[in-house]
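J.: Enclosed is the structure file final.txt (compact mmCIF, C-alpha atoms).
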# COMPACT_ATOMS: atom_id res chain seq x y z
CA MET A 1 -8.58 19.25 -84.60
CA GLN A 2 -8.67 15.72 -86.03
CA VAL A 3 -10.97 15.19 -88.98
CA ASP A 4 -11.49 11.91 -90.81
CA LEU A 5 -10.17 12.02 -94.38
CA GLY A 6 -13.02 9.79 -95.50
CA ASP A 7 -15.56 12.30 -94.19
CA LEU A 8 -13.84 15.12 -96.08
CA ASN A 9 -13.92 13.06 -99.27
CA ALA A 10 -17.62 12.35 -98.74
CA PHE A 11 -18.40 16.05 -98.30
CA VAL A 12 -16.50 17.02 -101.47
CA ALA A 13 -18.18 14.25 -103.47
CA VAL A 14 -21.68 15.32 -102.41
CA ALA A 15 -20.97 19.01 -103.02
CA ARG A 16 -19.57 18.37 -106.50
CA ALA A 17 -22.37 15.96 -107.45
CA GLY A 18 -25.09 18.28 -106.14
CA GLY A 19 -26.77 15.61 -104.07
CA PHE A 20 -26.32 12.51 -101.96
CA ARG A 21 -27.91 10.09 -104.42
CA ASP A 22 -25.82 11.22 -107.39
CA ALA A 23 -22.65 11.16 -105.30
CA ALA A 24 -23.51 7.68 -104.06
CA ARG A 25 -24.13 6.45 -107.62
CA LEU A 26 -20.84 7.90 -108.90
CA GLY A 27 -18.83 6.59 -105.98
CA GLY A 28 -20.45 3.18 -105.67
CA VAL A 29 -21.40 3.79 -102.02
CA SER A 30 -24.65 4.27 -100.12
CA ALA A 31 -26.39 7.64 -99.89
CA SER A 32 -27.04 7.05 -96.20
CA GLY A 33 -23.34 6.45 -95.60
CA LEU A 34 -22.46 9.75 -97.30
CA SER A 35 -25.11 11.55 -95.27
CA GLU A 36 -23.72 10.18 -92.02
CA ALA A 37 -20.16 11.14 -93.02
CA VAL A 38 -21.17 14.74 -93.77
CA ARG A 39 -23.12 14.93 -90.50
CA ARG A 40 -20.03 13.78 -88.55
CA LEU A 41 -17.86 16.33 -90.31
CA GLU A 42 -20.27 19.19 -89.58
CA GLN A 43 -20.46 18.18 -85.93
CA ARG A 44 -16.67 18.00 -85.67
CA LEU A 45 -16.22 21.42 -87.29
CA GLY A 46 -19.23 23.01 -85.57
CA VAL A 47 -20.54 24.64 -88.79
CA ARG A 48 -23.08 23.75 -91.49
CA LEU A 49 -21.35 22.84 -94.74
CA LEU A 50 -24.33 21.91 -96.92
CA ASN A 51 -27.79 23.41 -97.24
CA ARG A 52 -30.22 20.57 -97.91
CA SER A 53 -33.72 20.49 -99.27
CA THR A 54 -35.80 17.74 -100.77
CA ARG A 55 -34.65 18.85 -104.22
CA THR A 56 -31.19 20.34 -103.90
CA VAL A 57 -28.02 20.17 -101.88
CA VAL A 58 -25.72 23.20 -102.12
CA PRO A 59 -22.65 24.21 -100.13
CA THR A 60 -22.93 26.99 -97.59
CA GLU A 61 -20.41 29.82 -97.64
CA ALA A 62 -18.28 27.83 -95.18
CA GLY A 63 -18.71 24.79 -97.36
CA ARG A 64 -17.57 26.62 -100.50
CA GLY A 65 -14.50 27.94 -98.72
CA LEU A 66 -13.64 24.46 -97.51
CA ILE A 67 -14.00 22.97 -101.00
CA GLU A 68 -11.74 25.64 -102.51
CA ARG A 69 -8.98 24.78 -100.07
CA LEU A 70 -9.57 21.03 -100.03
CA GLY A 71 -9.56 20.48 -103.79
CA PRO A 72 -5.80 20.84 -104.40
CA ALA A 73 -4.93 19.04 -101.16
CA LEU A 74 -7.12 16.03 -101.94
CA HIS A 75 -5.67 15.92 -105.45
CA GLU A 76 -2.18 15.67 -103.96
CA VAL A 77 -3.37 12.86 -101.69
CA GLU A 78 -4.74 10.99 -104.71
CA LEU A 79 -1.43 11.41 -106.54
CA ALA A 80 0.48 10.13 -103.50
CA LEU A 81 -1.77 7.08 -103.26
CA ASP A 82 -1.29 6.43 -106.98
CA VAL A 83 2.46 6.28 -106.37
CA VAL A 84 1.98 3.72 -103.59
CA ASN A 85 -0.40 1.71 -105.75
CA GLY A 86 2.23 1.68 -108.46
CA TYR A 87 4.65 -0.03 -106.11
CA ARG A 88 1.97 -2.53 -105.19
CA ASP A 89 0.50 -3.34 -108.58
CA ARG A 90 3.40 -3.19 -111.02
CA PRO A 91 7.08 -4.07 -110.71
CA THR A 92 8.77 -0.70 -110.41
CA GLY A 93 11.16 0.84 -107.90
CA THR A 94 14.34 -0.35 -106.21
CA LEU A 95 15.10 -3.89 -105.06
CA ARG A 96 17.96 -4.01 -102.56
CA LEU A 97 19.65 -7.39 -102.01
CA ASN A 98 22.24 -8.33 -99.40
CA VAL A 99 24.42 -11.13 -100.79
CA PRO A 100 27.76 -12.84 -100.13
CA MET A 101 30.60 -12.45 -102.60
CA ALA A 102 30.14 -16.01 -103.85
CA ALA A 103 26.52 -15.30 -104.82
CA SER A 104 27.41 -12.04 -106.55
CA ARG A 105 30.02 -13.93 -108.57
CA LEU A 106 28.53 -17.37 -109.11
CA VAL A 107 24.73 -16.97 -108.92
CA LEU A 108 23.57 -13.48 -109.89
CA PRO A 109 25.43 -13.05 -113.21
CA ALA A 110 23.29 -15.81 -114.75
CA LEU A 111 20.08 -14.10 -113.60
CA VAL A 112 20.48 -10.34 -113.35
CA PRO A 113 20.81 -9.30 -117.03
CA ALA A 114 17.68 -11.21 -118.10
CA PHE A 115 15.75 -10.01 -115.04
CA LEU A 116 16.57 -6.35 -115.67
CA ALA A 117 15.71 -6.74 -119.35
CA ALA A 118 12.32 -8.18 -118.38
CA TYR A 119 11.65 -5.46 -115.78
CA PRO A 120 13.20 -2.20 -117.04
CA ASP A 121 11.45 -0.12 -114.35
CA ILE A 122 13.24 -1.94 -111.53
CA VAL A 123 16.61 -0.79 -110.18
CA LEU A 124 18.60 -3.59 -108.55
CA ASP A 125 20.89 -2.47 -105.71
CA VAL A 126 23.20 -5.32 -104.67
CA VAL A 127 25.08 -5.01 -101.37
CA VAL A 128 27.91 -7.55 -101.17
CA GLU A 129 28.54 -8.54 -97.55
CA ASP A 130 30.15 -11.73 -96.27
CA THR A 131 29.63 -11.08 -92.59
CA PHE A 132 26.38 -12.30 -91.03
CA VAL A 133 24.28 -9.13 -90.82
CA ASP A 134 20.66 -8.31 -90.04
CA MET A 135 19.36 -7.95 -93.58
CA LEU A 136 16.41 -5.75 -92.58
CA ALA A 137 18.51 -3.52 -90.32
CA ALA A 138 20.85 -3.04 -93.28
CA GLY A 139 17.93 -1.61 -95.26
CA CYS A 140 17.61 -4.52 -97.69
CA ASP A 141 14.45 -6.13 -99.04
CA ALA A 142 15.93 -9.62 -99.25
CA GLY A 143 19.20 -11.51 -98.99
CA ILE A 144 20.99 -14.54 -100.36
CA ARG A 145 22.57 -16.96 -97.93
CA TYR A 146 23.35 -20.62 -97.53
CA GLU A 147 21.11 -22.83 -95.42
CA GLU A 148 23.30 -22.94 -92.34
CA ARG A 149 23.33 -19.13 -92.18
CA LEU A 150 19.67 -18.38 -92.87
CA GLU A 151 17.95 -16.12 -90.40
CA GLN A 152 15.03 -17.63 -88.54
CA ASP A 153 11.44 -16.71 -89.36
CA MET A 154 12.32 -15.95 -92.97
CA ILE A 155 10.79 -17.27 -96.18
CA ALA A 156 13.46 -19.09 -98.24
CA VAL A 157 13.37 -19.62 -102.01
CA PRO A 158 16.05 -21.71 -103.79
CA ILE A 159 18.27 -19.66 -106.09
CA GLY A 160 21.24 -20.78 -108.18
CA PRO A 161 22.68 -24.30 -108.43
CA ARG A 162 21.16 -26.65 -105.88
CA VAL A 163 24.38 -28.59 -105.29
CA GLN A 164 27.83 -27.04 -105.08
CA ARG A 165 31.26 -28.27 -104.08
CA PHE A 166 34.39 -26.91 -102.47
CA ALA A 167 37.50 -27.67 -104.51
CA ALA A 168 41.21 -27.78 -103.78
CA ALA A 169 43.71 -26.76 -106.45
CA ALA A 170 47.29 -25.74 -107.06
CA ALA A 171 49.45 -24.55 -109.95
CA PRO A 172 51.26 -27.17 -112.07
CA GLY A 173 54.62 -25.70 -111.08
CA TYR A 174 53.81 -25.93 -107.38
CA LEU A 175 52.78 -29.57 -107.70
CA ALA A 176 55.94 -30.34 -109.66
CA ARG A 177 58.01 -28.96 -106.76
CA ARG A 178 56.05 -30.21 -103.76
CA GLY A 179 54.29 -33.32 -105.07
CA ARG A 180 50.60 -34.05 -105.43
CA PRO A 181 48.60 -34.77 -102.23
CA GLU A 182 46.83 -38.13 -102.34
CA HIS A 183 44.94 -37.80 -99.06
CA PRO A 184 43.62 -34.64 -97.31
CA ARG A 185 46.07 -35.20 -94.43
CA ASP A 186 48.91 -34.77 -96.93
CA LEU A 187 47.99 -31.07 -96.97
CA THR A 188 49.63 -30.67 -93.56
CA LEU A 189 52.91 -30.92 -95.46
CA HIS A 190 51.88 -28.30 -98.03
CA ALA A 191 51.61 -24.52 -98.14
CA CYS A 192 47.90 -23.78 -97.80
CA LEU A 193 46.28 -20.46 -98.65
CA GLY A 194 43.59 -20.19 -95.98
CA GLY A 195 40.63 -17.96 -95.34
CA HIS A 196 38.49 -16.61 -92.54
CA PHE A 197 35.42 -14.47 -91.99
CA ALA A 198 35.67 -11.09 -90.30
CA GLY A 199 36.74 -11.50 -86.70
CA SER A 200 37.08 -15.29 -86.93
CA THR A 201 39.96 -17.72 -86.87
CA PRO A 202 41.04 -19.54 -90.07
CA LEU A 203 38.44 -22.02 -91.22
CA ASP A 204 39.02 -25.75 -91.55
CA TRP A 205 39.10 -27.32 -94.95
CA GLN A 206 36.57 -30.14 -94.99
CA PHE A 207 36.80 -33.24 -97.16
CA GLU A 208 34.58 -36.30 -97.41
CA ARG A 209 34.73 -39.65 -99.19
CA ASP A 210 32.80 -42.89 -98.69
CA GLY A 211 31.45 -41.73 -95.36
CA GLU A 212 34.85 -40.61 -94.04
CA THR A 213 35.16 -36.93 -93.13
CA VAL A 214 38.54 -35.26 -92.73
CA ASN A 215 39.07 -31.71 -91.45
CA VAL A 216 42.39 -30.03 -92.19
CA MET A 217 43.55 -26.80 -90.57
CA PRO A 218 45.30 -24.91 -93.39
CA ARG A 219 48.75 -23.58 -92.58
CA GLY A 220 50.78 -21.54 -94.96
CA PRO A 221 52.12 -18.12 -95.96
CA LEU A 222 48.77 -16.41 -96.72
CA GLN A 223 45.44 -15.91 -94.97
CA VAL A 224 42.66 -13.85 -96.56
CA ARG A 225 39.26 -12.62 -95.49
CA LEU A 226 36.78 -14.74 -97.39
CA GLY A 227 34.79 -12.91 -100.01
CA GLY A 228 36.81 -9.89 -101.00
CA GLY A 229 40.16 -11.59 -100.40
CA ALA A 230 39.40 -14.80 -102.28
CA ASP A 231 40.74 -13.52 -105.60
CA LEU A 232 44.08 -12.76 -103.95
CA ALA A 233 44.32 -16.35 -102.73
CA VAL A 234 43.48 -17.61 -106.23
CA GLN A 235 46.14 -15.44 -107.85
CA ALA A 236 48.69 -16.53 -105.26
CA ALA A 237 47.87 -20.15 -106.04
CA ILE A 238 48.27 -19.50 -109.78
CA ALA A 239 51.66 -17.95 -109.03
CA GLY A 240 52.71 -21.18 -107.29
CA THR A 241 52.55 -19.96 -103.68
CA GLY A 242 50.43 -22.86 -102.43
CA THR A 243 47.16 -24.76 -102.50
CA VAL A 244 43.82 -22.93 -102.55
CA TYR A 245 40.42 -24.21 -101.35
CA LEU A 246 37.33 -22.48 -102.73
CA PHE A 247 34.04 -22.95 -104.58
CA GLU A 248 34.52 -25.30 -107.52
CA ASP A 249 32.69 -22.90 -109.86
CA TRP A 250 35.00 -20.07 -108.79
CA LEU A 251 38.06 -22.10 -109.75
CA ARG A 252 36.66 -23.77 -112.87
CA PRO A 253 37.87 -21.11 -115.38
CA HIS A 254 41.41 -21.64 -114.09
CA PHE A 255 41.03 -25.40 -114.50
CA ALA A 256 39.98 -24.82 -118.11
CA SER A 257 42.97 -22.57 -118.79
CA GLY A 258 45.41 -24.92 -117.08
CA ALA A 259 46.54 -22.24 -114.63
CA LEU A 260 45.35 -24.46 -111.76
CA VAL A 261 45.08 -28.24 -111.41
CA PRO A 262 42.38 -29.93 -109.28
CA VAL A 263 43.73 -31.95 -106.37
CA LEU A 264 41.96 -34.45 -104.10
CA GLU A 265 38.85 -34.30 -106.31
CA PRO A 266 37.35 -37.57 -104.98
CA TRP A 267 37.31 -35.90 -101.56
CA TRP A 268 35.56 -32.67 -102.54
CA GLN A 269 32.61 -32.05 -100.26
CA SER A 270 29.18 -31.23 -101.66
CA PHE A 271 26.70 -28.87 -99.99
CA SER A 272 23.28 -27.45 -100.79
CA GLY A 273 23.02 -24.31 -102.87
CA PRO A 274 21.96 -20.86 -101.68
CA PHE A 275 18.53 -19.41 -100.93
CA LEU A 276 16.89 -16.05 -101.43
CA TYR A 277 15.29 -15.14 -98.11
CA TYR A 278 12.89 -12.38 -97.10
CA PRO A 279 10.47 -11.57 -94.26
CA GLY A 280 6.84 -12.71 -94.47
CA ARG A 281 4.50 -13.58 -97.31
CA ARG A 282 2.11 -10.61 -97.02
CA LEU A 283 2.53 -7.28 -98.82
CA VAL A 284 5.75 -8.28 -100.55
CA PRO A 285 7.10 -5.23 -102.47
CA ALA A 286 6.39 -5.47 -106.20
CA PRO A 287 10.10 -5.51 -107.26
CA LEU A 288 10.84 -8.35 -104.84
CA ARG A 289 7.74 -10.28 -105.92
CA ALA A 290 8.83 -9.92 -109.55
CA PHE A 291 12.30 -11.23 -108.69
CA ILE A 292 10.89 -14.20 -106.76
CA ASP A 293 8.57 -15.09 -109.65
CA PHE A 294 11.45 -14.68 -112.11
CA ILE A 295 13.86 -17.03 -110.33
CA ARG A 296 11.10 -19.59 -109.85
CA ALA A 297 10.27 -19.45 -113.56
CA GLN A 298 13.95 -19.86 -114.41
CA GLY A 299 14.20 -22.84 -112.08
CA ALA A 300 17.17 -21.03 -110.55
How does the structure come out when it is put into structure tokens?
T.:
Amino acid sequence: MQVDLGDLNAFVAVARAGGFRDAARLGGVSASGLSEAVRRLEQRLGVRLLNRSTRTVVPTEAGRGLIERLGPALHEVELALDVVNGYRDRPTGTLRLNVPMAASRLVLPALVPAFLAAYPDIVLDVVVEDTFVDMLAAGCDAGIRYEERLEQDMIAVPIGPRVQRFAAAAAPGYLARRGRPEHPRDLTLHACLGGHFAGSTPLDWQFERDGETVNVMPRGPLQVRLGGGADLAVQAAIAGTGTVYLFEDWLRPHFASGALVPVLEPWWQSFSGPFLYYPGRRLVPAPLRAFIDFIRAQGA
């Protein structure tokens, strides 16, 4: 038997208040609405629940039995709704992000510690994934991707540096042995440490200067899967194995230490920074809304 939860709540409110008018005043609803709800409930159950007179309203024996059983159950419902309201009204719970390795290394470290300090009730679960996955199917609330890989019908919010560059570099010892490339095409004579995404062929290295674009297919002794394998390519370059091509910010610490030397810098290609993306603008989970507001306030 299907019974409307609202009608049950109306019956309990009237029984506890001892009348329709008092229940209406306490609940901020109309007495006539409560009366109609109780009438529907009695018709659905086929028994009288309240004895009514012009002065008093008291539960029948069936009504008293129903109240005794309903009280704890309705209390549990209220507690459950309070939990849901907590997720809606205050930033608490888990925020699950799907991000590429570059974002986990170059974007999030500047944001995450301050965000978690500001919202101690939020747990941030970061899934690092460089393949192009369905963020929602993966059970994530939002993702970070670059513009060319954004899913359609998603809301996008800028996050991290708005302009980035790919950089080419090699160890001083390697350049002393093999010479320094002056033009991107010179790389065809060098050992290049290339990369690829899962299931794809090695990616071109792209360079641009004064309107001229040059694509170079890297050839050399090492190919790595981009993301997780990038550090191996960097370490191989530091060891003098060949030339590496990666995010400038990823290589910058090695430029500062002298372990790697920038090459072809006038040709380094710029591209727009990443975006946080998520589905729809309505009913955004509180942890995600807090993160969106935070990165906007940071100008990230």
J.: Any idea what's packed within 12 Å of stretch 26-30 of chain A, counting only C-alpha atoms, ignoring anything in its chain fewer than 6 positions away? Could you give it as a list in words?
T.: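 Near neighbours after the sequence-gap exclusion: Asn9, Ala10, Val12, Ala13, Val14, Arg16, Ala17, Gly18, Gly19, Phe20, Glu36 and Ala37 of chain A.
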J.: Would you mind listing what lies within 12 Å of stretch 100-105 of chain A as a PyMOL selection string, with only C-alpha atoms counted and same-chain residues fewer than 6 positions away left out?
T.: chain A and resi 111-112+125-133+135+143-146+149+159-161+164+166+197+225-231+246-251+273-276
J.: Nearest residue to A:Ala142 out of A:Ala168, A:Val38, A:Leu124, A:Leu116, using only C-alpha atoms?
T.: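 Ranked by minimum distance to A:Ala142, first place goes to A:Leu124.
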J.: Once you count all atoms listed in the file, which residues end up no further than 12 Å from (10.6, -15.6, -109.2) in the file's frame, shown as a short mmCIF file (atom, residue, chain, number, x, y, z; two decimals) with C-alpha atoms, keeping the file's coordinate frame?
T.:
data_model
loop_
_atom_site.label_atom_id
_atom_site.label_comp_id
_atom_site.auth_asym_id
_atom_site.auth_seq_id
_atom_site.Cartn_x
_atom_site.Cartn_y
_atom_site.Cartn_z
CA LEU A 111 20.08 -14.10 -113.60
CA VAL A 112 20.48 -10.34 -113.35
CA PHE A 115 15.75 -10.01 -115.04
CA ALA A 118 12.32 -8.18 -118.38
CA ALA A 156 13.46 -19.09 -98.24
CA VAL A 157 13.37 -19.62 -102.01
CA PRO A 158 16.05 -21.71 -103.79
CA ILE A 159 18.27 -19.66 -106.09
CA GLY A 160 21.24 -20.78 -108.18
CA LEU A 276 16.89 -16.05 -101.43
CA ALA A 286 6.39 -5.47 -106.20
CA PRO A 287 10.10 -5.51 -107.26
CA LEU A 288 10.84 -8.35 -104.84
CA ARG A 289 7.74 -10.28 -105.92
CA ALA A 290 8.83 -9.92 -109.55
CA PHE A 291 12.30 -11.23 -108.69
CA ILE A 292 10.89 -14.20 -106.76
CA ASP A 293 8.57 -15.09 -109.65
CA PHE A 294 11.45 -14.68 -112.11
CA ILE A 295 13.86 -17.03 -110.33
CA ARG A 296 11.10 -19.59 -109.85
CA ALA A 297 10.27 -19.45 -113.56
CA GLN A 298 13.95 -19.86 -114.41
CA GLY A 299 14.20 -22.84 -112.08
CA ALA A 300 17.17 -21.03 -110.55
#
J.: Of the candidates A:Glu212, A:Glu68, A:Asp141, A:Asp22, which one gets nearest to A:Pro285 if we count all atoms listed in the file?
T.: A:Asp141
J.: Please report the interatomic distance between atom CA of A:Ala170 and atom CA of A:Ala237 in Å with one decimal.
T.: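 Straight-line distance from atom CA of A:Ala170 to atom CA of A:Ala237 works out to 5.7 Å.
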J.: List as an MDAnalysis selection string the residues having at least one atom at most 6 Å from position (48.4, -30.3, -104.6) as given in the file, counting all atoms listed in the file.
T.: chainID A and resid 170 175 180:181 263
J.: Work out how far apart atom CA of A:Pro72 and atom CA of A:Pro59 are and give it in Å to one decimal.
T.: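 The value is 17.7 Å.
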J.: Which residues are close to A:Ala259, i.e. within 6 Å by only C-alpha atoms, leaving aside same-chain residues fewer than 2 positions away? Reply as a PyMOL selection string.
T.: chain A and resi 171+238+254+257
J.: Could you check how far atom CA of A:Arg165 sits from atom CA of A:Val261, in Å to one decimal?
T.: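 Interatomic distance here is 15.6 Å.
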J.: With distances taken over only C-alpha atoms, which residue among A:Leu260, A:Arg25, A:Phe11, A:Gln269 lies nearest A:Leu70?
T.: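 Of all the options, A:Phe11 lies closest to A:Leu70.
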J.: For A:Gly46, list every protein, DNA or RNA residue within 12 Å, evaluated using all atoms listed in the file, and leave out those in the same chain fewer than 5 positions away; present the list as a ChimeraX atom specification.
T.: /A:1,3,38-41,62-63
J.: Need to verify the contact set: stretch 202-211 of chain A, 9 Å, all atoms listed in the file, exclusion of same-chain residues closer than 2 positions in sequence. Can you return it as a VMD selection string?
T.: chain A and resid 166 184 194 to 197 200 213 to 218 223 to 225 245 264 266 to 270
J.: Just checking: using all atoms listed in the file, which residue out of A:Leu97, A:Ala256, A:Leu222, A:Ala80 ends up closest to A:Gln235?
T.: A:Leu222
J.: Which is closest to A:Met154 among A:Gly33, A:Pro113, A:Pro279, A:Pro262, if we use only C-alpha atoms?
T.: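 Of all the options, A:Pro279 lies closest to A:Met154.
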